[in-house]
>>> print(open('entry-v5.txt').read())   # compact mmCIF, C-alpha atoms and all ligand atoms
# COMPACT_ATOMS: atom_id res chain seq x y z
CA MET C 223 89.71 -91.41 89.58
CA ARG C 224 87.15 -94.24 89.80
CA GLU C 225 85.80 -94.86 93.30
CA ASP C 226 83.92 -98.15 93.17
CA PHE C 227 85.31 -100.32 95.94
CA GLY C 228 82.57 -99.67 98.47
CA PHE C 229 84.58 -97.20 100.53
CA THR C 230 82.77 -95.76 103.55
CA GLN C 231 82.03 -92.04 103.74
CA ASP C 232 84.74 -91.73 106.41
CA GLN C 233 87.28 -93.33 104.08
CA ILE C 234 86.30 -91.07 101.19
CA ASP C 235 86.54 -88.02 103.46
CA ILE C 236 90.07 -89.03 104.55
CA GLN C 237 91.04 -89.70 100.93
CA LEU C 238 89.81 -86.30 99.75
CA MET C 239 91.34 -84.50 102.74
CA THR C 240 94.72 -86.15 102.02
CA ARG C 241 94.46 -85.33 98.31
CA ASP C 242 93.64 -81.71 98.96
CA PHE C 243 96.39 -81.37 101.57
CA ILE C 244 99.23 -83.11 99.76
CA ARG C 245 98.64 -81.48 96.37
CA LYS C 246 98.71 -78.03 97.98
CA GLU C 247 101.67 -78.67 100.28
CA LEU C 248 103.92 -80.87 98.21
CA THR C 249 104.08 -78.90 94.98
CA PHE C 250 106.27 -79.94 92.05
CA GLU C 251 108.63 -77.07 92.88
CA ARG C 252 109.04 -78.35 96.45
CA ILE C 253 109.49 -81.93 95.25
CA LYS C 254 112.20 -80.82 92.81
CA GLU C 255 114.01 -78.86 95.50
CA CYS C 256 113.95 -81.75 98.02
CA ASP C 257 114.89 -84.24 95.28
CA GLU C 258 117.96 -82.18 94.39
CA LYS C 259 119.01 -81.88 98.04
CA ASN C 260 118.11 -85.51 98.93
CA GLU C 261 116.04 -84.04 101.75
CA VAL C 262 112.88 -85.08 103.60
CA PRO C 263 110.46 -82.13 103.89
CA MET C 264 110.13 -82.44 107.67
CA ASP C 265 107.68 -79.54 107.91
CA ILE C 266 105.22 -81.54 105.79
CA VAL C 267 105.95 -84.71 107.79
CA LYS C 268 104.98 -82.72 110.90
CA LYS C 269 101.70 -81.63 109.32
CA CYS C 270 100.96 -85.21 108.21
CA ALA C 271 101.51 -86.37 111.79
CA GLU C 272 99.23 -83.65 113.13
CA MET C 273 96.54 -84.78 110.68
CA GLY C 274 96.95 -88.34 111.94
CA LEU C 275 98.28 -89.70 108.64
CA THR C 276 101.34 -91.35 110.21
CA SER C 277 99.24 -93.04 112.91
CA ILE C 278 96.15 -94.00 110.93
CA THR C 279 96.48 -97.74 111.63
CA LEU C 280 97.26 -97.34 115.35
CA PRO C 281 94.40 -98.10 117.75
CA GLU C 282 92.14 -95.22 118.78
CA SER C 283 92.72 -96.19 122.41
CA ILE C 284 96.32 -94.98 122.14
CA GLY C 285 95.53 -91.92 120.03
CA GLY C 286 95.74 -93.47 116.56
CA GLY C 287 93.19 -93.41 113.76
CA GLY C 288 91.88 -96.91 114.44
CA MET C 289 91.54 -97.49 110.69
CA GLY C 290 92.60 -100.49 108.62
CA GLN C 291 94.60 -101.17 105.49
CA VAL C 292 91.96 -99.86 103.06
CA THR C 293 92.19 -96.41 104.64
CA ASN C 294 95.96 -96.67 104.88
CA SER C 295 96.01 -97.57 101.17
CA LEU C 296 93.86 -94.56 100.28
CA ILE C 297 96.25 -92.26 102.12
CA LEU C 298 99.41 -93.76 100.63
CA GLU C 299 97.84 -93.76 97.17
CA GLU C 300 97.08 -90.04 97.44
CA ILE C 301 100.56 -89.24 98.72
CA GLY C 302 102.08 -91.57 96.10
CA TYR C 303 100.27 -89.53 93.42
CA GLN C 304 102.47 -86.59 94.41
CA ASP C 305 105.67 -88.41 95.34
CA VAL C 306 106.44 -92.06 96.06
CA GLY C 307 109.48 -91.04 98.14
CA PHE C 308 107.44 -88.93 100.53
CA ALA C 309 104.81 -91.69 100.70
CA THR C 310 107.64 -94.06 101.70
CA THR C 311 108.58 -91.77 104.60
CA ILE C 312 105.00 -91.77 105.87
CA GLY C 313 104.31 -95.46 105.07
CA ALA C 314 107.39 -96.60 106.98
CA CYS C 315 105.60 -95.70 110.23
CA SER C 316 102.81 -98.24 109.67
CA LEU C 317 105.44 -100.75 108.46
CA ALA C 318 107.44 -100.28 111.67
CA TYR C 319 104.37 -100.44 113.92
CA GLU C 320 102.82 -103.53 112.29
CA PRO C 321 105.00 -106.09 114.17
CA ILE C 322 103.86 -104.52 117.44
CA SER C 323 100.25 -104.41 116.21
CA LEU C 324 100.39 -108.12 115.30
CA PHE C 325 102.52 -109.56 118.10
CA GLY C 326 102.96 -106.86 120.75
CA THR C 327 101.35 -106.60 124.17
CA GLN C 328 99.00 -103.74 125.07
CA GLU C 329 101.86 -102.10 127.01
CA GLN C 330 104.15 -102.35 123.98
CA LYS C 331 101.48 -100.86 121.71
CA GLU C 332 101.16 -97.92 124.09
CA LEU C 333 104.92 -97.51 124.48
CA TYR C 334 105.63 -97.63 120.74
CA GLY C 335 102.46 -95.86 119.62
CA LYS C 336 103.16 -92.84 121.80
CA TYR C 337 106.22 -91.94 119.70
CA ILE C 338 104.24 -91.95 116.45
CA VAL C 339 101.12 -90.30 117.85
CA GLU C 340 103.27 -87.52 119.30
CA GLY C 341 104.64 -86.79 115.83
CA GLY C 342 107.79 -88.94 115.65
CA LEU C 343 108.78 -91.14 112.75
CA ALA C 344 109.41 -94.88 113.07
CA ALA C 345 111.70 -97.26 111.20
CA PHE C 346 111.65 -100.98 110.42
CA ALA C 347 115.21 -102.31 110.71
CA LEU C 348 115.58 -105.75 109.15
CA THR C 349 118.05 -105.56 106.25
CA GLU C 350 121.82 -105.95 106.64
CA ALA C 351 124.69 -105.84 104.18
CA ASP C 352 124.64 -109.63 103.78
CA ALA C 353 120.99 -110.17 104.64
CA GLY C 354 118.57 -108.61 102.14
CA SER C 355 116.53 -111.28 100.37
CA ASP C 356 118.26 -113.86 102.55
CA VAL C 357 117.05 -112.51 105.89
CA SER C 358 118.24 -115.64 107.70
CA ASN C 359 121.84 -114.54 107.11
CA ALA C 360 121.49 -111.62 109.55
CA ARG C 361 124.50 -110.92 111.80
CA THR C 362 123.04 -108.40 114.26
CA THR C 363 122.80 -110.13 117.62
CA ALA C 364 120.79 -109.67 120.79
CA VAL C 365 122.18 -111.34 123.91
CA LYS C 366 120.25 -111.64 127.17
CA GLU C 367 122.09 -110.18 130.18
CA GLY C 368 119.97 -110.27 133.32
CA ASP C 369 116.84 -108.24 132.67
CA GLU C 370 118.18 -106.71 129.50
CA TRP C 371 118.93 -107.52 125.89
CA VAL C 372 122.21 -106.22 124.46
CA ILE C 373 122.05 -105.50 120.73
CA ASN C 374 125.08 -105.30 118.42
CA GLY C 375 125.19 -104.93 114.66
CA THR C 376 124.61 -102.69 111.65
CA LYS C 377 121.37 -102.41 109.72
CA THR C 378 121.51 -101.06 106.15
CA TYR C 379 119.06 -99.26 103.87
CA ILE C 380 116.76 -98.30 106.72
CA THR C 381 113.98 -95.92 105.69
CA ASN C 382 113.68 -93.06 108.24
CA GLY C 383 116.86 -94.41 109.84
CA ALA C 384 118.23 -90.94 110.64
CA ASN C 385 114.91 -89.31 111.49
CA ALA C 386 113.06 -91.99 113.47
CA SER C 387 112.45 -91.66 117.18
CA ILE C 388 111.76 -95.39 117.50
CA TYR C 389 112.96 -98.53 115.71
CA THR C 390 111.66 -102.05 115.23
CA VAL C 391 114.85 -104.11 115.17
CA PHE C 392 115.36 -107.72 114.14
CA ALA C 393 118.35 -109.49 115.71
CA VAL C 394 119.71 -113.01 116.05
CA THR C 395 119.10 -114.48 119.52
CA ASN C 396 119.98 -118.06 118.66
CA PRO C 397 122.90 -118.23 116.17
CA GLY C 398 122.79 -121.26 113.94
CA ALA C 399 119.02 -121.69 114.24
CA GLY C 400 118.40 -119.95 110.89
CA THR C 401 114.99 -118.33 110.51
CA ARG C 402 113.99 -119.62 113.97
CA GLY C 403 116.92 -117.89 115.61
CA MET C 404 115.83 -114.29 115.06
CA SER C 405 113.80 -112.08 117.41
CA CYS C 406 112.12 -108.70 117.19
CA PHE C 407 112.77 -105.75 119.55
CA ILE C 408 111.49 -102.27 120.25
CA VAL C 409 114.43 -99.86 120.46
CA GLU C 410 114.06 -96.17 121.31
CA ARG C 411 116.35 -93.87 119.32
CA ASP C 412 117.78 -92.11 122.36
CA ARG C 413 119.31 -95.24 123.90
CA PRO C 414 123.12 -95.04 124.29
CA GLY C 415 125.05 -96.88 121.57
CA ILE C 416 122.81 -96.05 118.61
CA SER C 417 124.31 -94.07 115.75
CA VAL C 418 123.46 -93.34 112.16
CA GLY C 419 125.98 -94.44 109.54
CA LYS C 420 126.16 -93.91 105.80
CA GLU C 421 123.25 -92.04 104.28
CA GLU C 422 122.33 -93.37 100.84
CA ASP C 423 122.55 -91.00 97.87
CA LYS C 424 119.76 -92.65 95.91
CA MET C 425 118.56 -92.71 92.31
CA GLY C 426 115.01 -91.97 93.43
CA ILE C 427 112.64 -91.63 96.40
CA ARG C 428 114.93 -88.85 97.58
CA LEU C 429 112.17 -87.39 99.74
CA SER C 430 112.78 -90.35 102.04
CA ASN C 431 115.83 -90.88 104.22
CA THR C 432 117.66 -94.21 103.83
CA CYS C 433 120.69 -95.00 105.92
CA GLU C 434 122.69 -97.39 108.07
CA VAL C 435 121.74 -97.65 111.72
CA ILE C 436 124.49 -98.94 114.01
CA PHE C 437 123.80 -100.66 117.33
CA ASP C 438 126.84 -100.77 119.61
CA ASN C 439 126.06 -102.53 122.90
CA VAL C 440 122.59 -101.06 122.95
CA ARG C 441 120.67 -102.19 126.03
CA VAL C 442 116.90 -102.56 126.07
CA PRO C 443 114.77 -103.96 128.90
CA ALA C 444 113.59 -107.58 128.57
CA ASP C 445 110.02 -106.37 127.98
CA HIS C 446 111.12 -104.78 124.67
CA LEU C 447 111.13 -108.23 123.04
CA VAL C 448 108.12 -108.40 120.69
CA GLY C 449 106.32 -111.73 120.59
CA LYS C 450 108.38 -114.72 121.68
CA GLU C 451 112.11 -115.30 121.39
CA GLY C 452 112.80 -116.88 117.97
CA GLN C 453 109.65 -115.46 116.36
CA GLY C 454 111.41 -112.60 114.56
CA PHE C 455 111.36 -114.07 111.05
CA LYS C 456 107.70 -114.99 111.37
CA ILE C 457 106.93 -111.48 112.65
CA ALA C 458 108.76 -109.84 109.73
CA MET C 459 107.04 -112.01 107.11
CA SER C 460 103.61 -111.57 108.72
CA THR C 461 104.19 -107.82 108.66
CA PHE C 462 104.88 -107.84 104.93
CA ASP C 463 101.64 -109.76 104.31
CA ILE C 464 99.85 -106.71 105.70
CA THR C 465 102.01 -103.86 104.40
CA ARG C 466 102.83 -104.89 100.81
CA PRO C 467 99.38 -104.09 99.31
CA ALA C 468 99.18 -100.61 100.89
CA GLY C 469 102.82 -99.51 101.21
CA VAL C 470 103.76 -100.60 97.72
CA GLY C 471 100.58 -101.76 95.94
CA ALA C 472 98.32 -98.75 96.52
CA CYS C 473 101.16 -96.23 96.71
CA CYS C 474 102.29 -97.22 93.19
CA CYS C 475 98.68 -96.87 91.97
CA GLY C 476 98.78 -93.21 92.95
CA ALA C 477 101.94 -92.67 90.89
CA MET C 478 100.42 -94.57 87.94
CA ARG C 479 97.33 -92.33 88.04
CA SER C 480 99.58 -89.31 88.14
CA CYS C 481 101.37 -90.49 84.98
CA ILE C 482 98.08 -91.10 83.18
CA ASP C 483 96.66 -87.69 84.11
CA LYS C 484 99.87 -85.95 83.08
CA CYS C 485 100.13 -87.87 79.80
CA LEU C 486 96.54 -87.07 78.82
CA GLU C 487 97.07 -83.39 79.52
CA TYR C 488 100.42 -83.23 77.75
CA ALA C 489 99.38 -85.26 74.71
CA ALA C 490 96.30 -83.09 74.21
CA THR C 491 98.40 -79.93 73.94
CA ARG C 492 101.68 -81.06 72.34
CA ILE C 493 101.40 -80.40 68.60
CA THR C 494 103.38 -82.31 65.97
CA PHE C 495 102.60 -82.43 62.27
CA GLY C 496 99.83 -79.88 62.86
CA GLN C 497 97.81 -81.83 65.43
CA PRO C 498 97.98 -82.87 69.09
CA ILE C 499 100.00 -86.06 69.55
CA LEU C 500 96.92 -87.46 71.34
CA GLN C 501 95.27 -87.79 67.89
CA ASN C 502 97.68 -90.62 67.06
CA GLN C 503 96.51 -94.12 67.82
CA ALA C 504 100.06 -95.04 68.86
CA ILE C 505 99.81 -92.53 71.72
CA GLN C 506 96.19 -93.39 72.53
CA PHE C 507 97.03 -97.08 72.83
CA MET C 508 99.98 -96.39 75.14
CA ILE C 509 97.67 -94.44 77.45
CA ALA C 510 94.98 -97.12 77.17
CA ASP C 511 97.55 -99.73 78.18
CA MET C 512 98.50 -97.57 81.17
CA GLU C 513 94.84 -97.46 82.21
CA ILE C 514 94.56 -101.27 81.94
CA ARG C 515 97.58 -101.79 84.20
CA TYR C 516 96.44 -99.12 86.64
CA GLU C 517 92.89 -100.50 87.00
CA ALA C 518 94.13 -104.08 87.40
CA SER C 519 96.72 -103.05 90.00
CA ARG C 520 94.24 -100.95 91.93
CA ALA C 521 91.57 -103.66 91.93
CA LEU C 522 94.09 -106.14 93.32
CA ALA C 523 95.46 -103.71 95.93
CA TYR C 524 92.01 -102.93 97.34
CA LYS C 525 90.89 -106.56 97.11
CA VAL C 526 93.83 -107.58 99.31
CA ALA C 527 93.50 -104.57 101.66
CA SER C 528 89.76 -105.31 102.14
CA ALA C 529 90.52 -108.97 102.85
CA ILE C 530 93.12 -107.96 105.47
CA ASP C 531 90.60 -105.64 107.14
CA ALA C 532 88.17 -108.58 107.20
CA GLY C 533 90.84 -110.71 108.92
CA VAL C 534 91.83 -112.79 105.89
CA ILE C 535 95.60 -112.94 105.34
CA ASP C 536 96.92 -114.33 102.06
CA SER C 537 100.69 -114.01 101.59
CA ALA C 538 100.55 -114.91 97.90
CA LEU C 539 97.91 -112.29 97.11
CA ALA C 540 99.84 -109.64 99.06
CA SER C 541 102.92 -110.53 96.98
CA ALA C 542 100.87 -110.48 93.78
CA SER C 543 99.60 -106.99 94.57
CA LYS C 544 103.08 -105.69 95.37
CA THR C 545 104.48 -107.20 92.16
CA MET C 546 101.62 -106.19 89.88
CA SER C 547 101.67 -102.58 91.07
CA SER C 548 105.43 -102.12 91.02
CA ASP C 549 105.98 -103.77 87.63
CA SER C 550 103.08 -101.71 86.24
CA LEU C 551 104.44 -98.46 87.62
CA VAL C 552 107.88 -99.05 86.15
CA LYS C 553 106.34 -99.76 82.73
CA ILE C 554 103.87 -96.87 82.89
CA SER C 555 106.42 -94.29 84.01
CA GLU C 556 108.80 -95.43 81.28
CA ASP C 557 106.05 -95.06 78.67
CA ALA C 558 105.14 -91.68 80.14
CA ILE C 559 108.66 -90.46 79.37
CA GLN C 560 108.19 -91.67 75.80
CA ILE C 561 104.95 -89.71 75.46
CA PHE C 562 106.62 -86.57 76.82
CA GLY C 563 109.53 -87.08 74.39
CA GLY C 564 112.60 -84.97 75.21
CA ASN C 565 110.59 -83.13 77.85
CA GLY C 566 110.01 -86.43 79.62
CA TYR C 567 113.77 -86.73 80.04
CA SER C 568 114.12 -83.20 81.39
CA LYS C 569 114.07 -82.29 85.07
CA GLU C 570 111.81 -79.37 84.17
CA TYR C 571 108.91 -81.81 83.83
CA PRO C 572 107.56 -84.10 86.57
CA ILE C 573 107.82 -87.43 84.72
CA GLU C 574 111.52 -88.21 85.19
CA ILE C 575 111.18 -88.08 89.00
CA ILE C 576 108.25 -90.52 88.88
CA TYR C 577 110.36 -92.84 86.71
CA ARG C 578 113.36 -92.67 89.08
CA ASN C 579 111.07 -93.19 92.07
CA ALA C 580 109.33 -96.17 90.47
CA LYS C 581 112.26 -98.59 90.34
CA ILE C 582 112.64 -99.10 94.09
CA SER C 583 109.11 -100.51 94.31
CA GLN C 584 110.40 -103.65 92.54
CA ILE C 585 113.17 -103.98 95.14
CA PHE C 586 112.10 -103.08 98.68
CA GLU C 587 109.68 -104.95 100.95
CA GLY C 588 111.12 -108.03 99.21
CA THR C 589 112.27 -107.97 95.58
CA ASN C 590 109.79 -109.03 92.92
CA GLN C 591 111.76 -112.25 92.52
CA VAL C 592 111.16 -112.96 96.19
CA GLN C 593 107.44 -112.19 95.70
CA ARG C 594 107.31 -114.75 92.89
CA MET C 595 108.97 -117.27 95.22
CA VAL C 596 106.17 -116.65 97.76
CA ILE C 597 103.50 -117.05 95.08
CA ILE C 598 104.84 -120.28 93.58
CA LYS C 599 105.37 -121.77 97.06
CA SER C 600 101.74 -121.07 97.87
CA LEU C 601 100.58 -122.60 94.57
CA LEU C 602 102.67 -125.73 95.08
CA LYS C 603 101.42 -126.12 98.65
CA ALA C 604 97.80 -125.68 97.59
CA SER C 605 98.18 -128.31 94.88
CA GLY C 606 99.85 -130.78 97.25
CA MET C 607 103.17 -130.67 95.41
CA MET C 608 105.10 -129.33 98.40
C1 LIG I 1 115.60 -97.15 99.20
C2 LIG I 1 115.55 -98.40 100.03
C3 LIG I 1 114.78 -98.41 101.17
C4 LIG I 1 114.76 -99.55 101.98
N1 LIG I 1 114.07 -99.55 103.16
C5 LIG I 1 114.22 -100.58 104.03
C6 LIG I 1 113.68 -100.52 105.35
O1 LIG I 1 113.04 -99.54 105.74
N2 LIG I 1 113.91 -101.56 106.18
C7 LIG I 1 114.62 -102.66 105.82
O2 LIG I 1 114.80 -103.56 106.62
N3 LIG I 1 115.12 -102.77 104.56
C8 LIG I 1 114.94 -101.75 103.66
N4 LIG I 1 115.48 -101.83 102.39
C9 LIG I 1 116.19 -103.03 101.98
C10 LIG I 1 115.46 -103.83 100.92
O3 LIG I 1 114.33 -104.45 101.47
C11 LIG I 1 116.46 -104.81 100.31
O4 LIG I 1 117.34 -104.02 99.52
C12 LIG I 1 115.79 -105.87 99.45
O5 LIG I 1 115.09 -106.77 100.28
C13 LIG I 1 116.78 -106.66 98.59
O6 LIG I 1 117.87 -107.09 99.33
P1 LIG I 1 119.35 -106.84 98.74
O7 LIG I 1 119.45 -105.40 98.41
O8 LIG I 1 120.32 -107.38 99.72
O9 LIG I 1 119.40 -107.65 97.40
P2 LIG I 1 119.89 -109.18 97.26
O10 LIG I 1 119.19 -110.01 98.25
O11 LIG I 1 121.37 -109.19 97.23
O12 LIG I 1 119.35 -109.52 95.81
C14 LIG I 1 120.03 -109.14 94.62
C15 LIG I 1 119.25 -109.68 93.44
O13 LIG I 1 119.23 -111.11 93.47
C16 LIG I 1 117.90 -111.58 93.46
N5 LIG I 1 117.82 -112.79 94.27
C17 LIG I 1 118.30 -112.98 95.53
N6 LIG I 1 118.04 -114.22 95.95
C18 LIG I 1 117.37 -114.83 94.94
C19 LIG I 1 116.81 -116.14 94.76
N7 LIG I 1 116.87 -117.07 95.70
N8 LIG I 1 116.18 -116.40 93.59
C20 LIG I 1 116.10 -115.47 92.62
N9 LIG I 1 116.60 -114.23 92.73
C21 LIG I 1 117.23 -113.92 93.87
C22 LIG I 1 117.08 -110.45 94.02
O14 LIG I 1 115.72 -110.54 93.63
C23 LIG I 1 117.78 -109.25 93.43
O15 LIG I 1 117.34 -109.08 92.11
C24 LIG I 1 115.47 -100.71 101.57
C25 LIG I 1 116.21 -100.69 100.38
C26 LIG I 1 116.27 -99.55 99.62
C27 LIG I 1 117.13 -99.55 98.39
>>> encode(input="entry-v5.txt", output="structure tokens", more="lines below")
Ligand SMILES: Cc1cc2nc3c(=O)[nH]c(=O)nc-3n(C[C@H](O)[C@H](O)[C@H](O)COP(=O)(O)OP(=O)(O)OC[C@H]3O[C@@H](n4cnc5c(N)ncnc54)[C@H](O)[C@@H]3O)c2cc1C
Amino acid sequence: MREDFGFTQDQIDIQLMTRDFIRKELTFERIKECDEKNEVPMDIVKKCAEMGLTSITLPESIGGGGMGQVTNSLILEEIGYQDVGFATTIGACSLAYEPISLFGTQEQKELYGKYIVEGGLAAFALTEADAGSDVSNARTTAVKEGDEWVINGTKTYITNGANASIYTVFAVTNPGAGTRGMSCFIVERDRPGISVGKEEDKMGIRLSNTCEVIFDNVRVPADHLVGKEGQGFKIAMSTFDITRPAGVGACCCGAMRSCIDKCLEYAATRITFGQPILQNQAIQFMIADMEIRYEASRALAYKVASAIDAGVIDSALASASKTMSSDSLVKISEDAIQIFGGNGYSKEYPIEIIYRNAKISQIFEGTNQVQRMVIIKSLLKASGMM
């Protein structure tokens, strides 16, 4: 793997430690077993938390790693190399914490951070049955009663929904005000009125839990409101500007690299017509095309992550990274199946899981159509046409 983005020694050490750990712990046999059972390997989650991988972006002052998005990207890339589903489980913690990091008070950072630092998982609860791309159509409400907010509604497709000890929840506080009527709340899992609904039986990323989370008259203190009332939509979108390049961009790069390594190895040993299939230019060019997409995606992911760490936020570039990486991974994993032939289609080999895992990256954290909407809006604004 090429390492030419000016990573610090600390970052390289964390990258290599993660690589060594995850490749030993999360073997193909274990991935296959969890994939079949639709099960999160919680023992490995626990070890990741102990190593600080779930809390890498939390401030050192509250027990986190105090690192930025480049380091987070390196970790998610290494985990993504083994399994994008498991990387999603781990990455959801930084996704859920980011609203508090960006808009929370010091007390809120400590309150929320404690759960993750102590080994718990976190979940980001935005989507609803009728509010996916169209977030402004959310129906979950939060009503102020004295010193408390009372939350009612059902969130769908929530990563870590069943396993999280803390949630970041978006709810409507001013119905009819559209994107300005939504607010963001910290909600502890053990509050009365919270239950877990339908668990998704998914095509891929089965080493992550995805389910409904139901809020039935759930009361949280007034100080659990993150940012100001009505800022929820802004908080969610600002969060994605930070998380898309690492959580999807870099994570997909890991899976792309995995495909390329596996294809090179397989094509060098699979003999047809008396020679390895790697001798054929048709195969060589497919792998060369994979490398082009991988290098371009990785360069963009680390460009955006470095800019974020330097304090420069660019929504369009974050969307470009997410889109480039996810589209590339879908294409590369599909071609990897082709190179493996019938074996690529078999569950005995690792490629079909990568292919099934890949598709979601074009859908979550905003579909790739939504990303293109962000990019064109930015272009039109910059050229004075909007
Ligand atoms: C495995 C998984 C994990 C998830 N994890 C989380 C999570 O942790 N937290 C969370 O809050 N959500 C999560 N989600 C939800 C995810 O972010 C949404 O599924 C996604 O944003 C798309 O919303 P939707 O499914 O309602 O699709 P829809 O919004 O119904 O879109 C359907 C299709 O129409 C297209 N479309 C919609 N509007 C337009 C338009 N204006 N122009 C062009 N095309 C359009 C979309 O791009 C898509 O192709 C998860 C989803 C899955 C499947």
>>> residues_near_point(input="entry-v5.txt", point="(96.8, -92.6, 123.2)", cutoff="10 Å", atoms="all atoms listed in the file", output="number ranges by chain")
C: 280-286, 331-333, 335-336, 339-340
>>> residues_near_ligand(input="entry-v5.txt", ligand="ligand LIG 1 (chain I)", cutoff="9 Å", atoms="only C-alpha atoms and all ligand atoms", output="ChimeraX atom specification")
/C:307,310,314,317-318,345-357,377-383,391-392,422,424-428,430-433,582-595
>>> closest_residue(input="entry-v5.txt", among="C:Ser387, C:Ser519, C:Lys269, C:Val292", to="Cys315 of chain C", atoms="only C-alpha atoms")
C:Ser387
>>> atom_distance(input="entry-v5.txt", atom1="atom CA of Leu298 of chain C", atom2="atom CA of Thr240 of chain C")
9.0 Å
>>> atom_distance(input="entry-v5.txt", atom1="atom CA of Val442 of chain C", atom2="atom CA of Glu421 of chain C")
25.0 Å
>>> residues_near_point(input="entry-v5.txt", point="(99.0, -82.9, 104.2)", cutoff="7 Å", atoms="all atoms listed in the file", output="mmCIF file with C-alpha atoms, in the coordinates of the input")
data_model
loop_
_atom_site.group_PDB
_atom_site.id
_atom_site.type_symbol
_atom_site.label_atom_id
_atom_site.label_comp_id
_atom_site.auth_asym_id
_atom_site.auth_seq_id
_atom_site.Cartn_x
_atom_site.Cartn_y
_atom_site.Cartn_z
ATOM 1 C CA THR C 240 94.720 -86.150 102.020
ATOM 2 C CA PHE C 243 96.390 -81.370 101.570
ATOM 3 C CA ILE C 244 99.230 -83.110 99.760
ATOM 4 C CA GLU C 247 101.670 -78.670 100.280
ATOM 5 C CA ILE C 266 105.220 -81.540 105.790
ATOM 6 C CA LYS C 269 101.700 -81.630 109.320
ATOM 7 C CA CYS C 270 100.960 -85.210 108.210
#
>>> closest_residue(input="entry-v5.txt", among="C:Leu601, C:Ile482, C:Val262, C:Val394", to="Ile561 of chain C", atoms="all atoms listed in the file")
C:Ile482
>>> build_atoms(input="entry-v5.txt", residues="segment 259-270 of chain C", atoms="N, CA, C and O atoms", output="short mmCIF file (atom, residue, chain, number, x, y, z; two decimals), keeping the file's coordinate frame")
data_model
loop_
_atom_site.label_atom_id
_atom_site.label_comp_id
_atom_site.auth_asym_id
_atom_site.auth_seq_id
_atom_site.Cartn_x
_atom_site.Cartn_y
_atom_site.Cartn_z
N LYS C 259 118.23 -81.90 96.79
CA LYS C 259 119.01 -81.88 98.04
C LYS C 259 119.01 -83.23 98.75
O LYS C 259 119.66 -83.36 99.79
N ASN C 260 118.24 -84.20 98.26
CA ASN C 260 118.11 -85.51 98.93
C ASN C 260 117.61 -85.27 100.36
O ASN C 260 118.20 -85.74 101.33
N GLU C 261 116.49 -84.55 100.45
CA GLU C 261 116.04 -84.04 101.75
C GLU C 261 114.57 -84.39 101.99
O GLU C 261 113.73 -84.26 101.09
N VAL C 262 114.27 -84.80 103.22
CA VAL C 262 112.88 -85.08 103.60
C VAL C 262 112.24 -83.75 104.03
O VAL C 262 112.80 -83.07 104.89
N PRO C 263 111.11 -83.38 103.45
CA PRO C 263 110.46 -82.13 103.89
C PRO C 263 109.80 -82.33 105.27
O PRO C 263 108.63 -82.69 105.36
N MET C 264 110.58 -82.11 106.32
CA MET C 264 110.13 -82.44 107.67
C MET C 264 108.95 -81.58 108.12
O MET C 264 108.15 -81.99 108.96
N ASP C 265 108.84 -80.37 107.55
CA ASP C 265 107.68 -79.54 107.91
C ASP C 265 106.39 -80.20 107.44
O ASP C 265 105.36 -80.17 108.13
N ILE C 266 106.44 -80.87 106.29
CA ILE C 266 105.22 -81.54 105.79
C ILE C 266 104.99 -82.85 106.54
O ILE C 266 103.85 -83.24 106.80
N VAL C 267 106.09 -83.51 106.94
CA VAL C 267 105.95 -84.71 107.79
C VAL C 267 105.19 -84.31 109.07
O VAL C 267 104.26 -85.00 109.50
N LYS C 268 105.59 -83.18 109.65
CA LYS C 268 104.98 -82.72 110.90
C LYS C 268 103.48 -82.50 110.70
O LYS C 268 102.66 -82.94 111.51
N LYS C 269 103.12 -81.87 109.59
CA LYS C 269 101.70 -81.63 109.32
C LYS C 269 100.95 -82.94 109.11
O LYS C 269 99.82 -83.10 109.55
N CYS C 270 101.59 -83.89 108.42
CA CYS C 270 100.96 -85.21 108.21
C CYS C 270 100.69 -85.87 109.56
O CYS C 270 99.63 -86.46 109.77
#
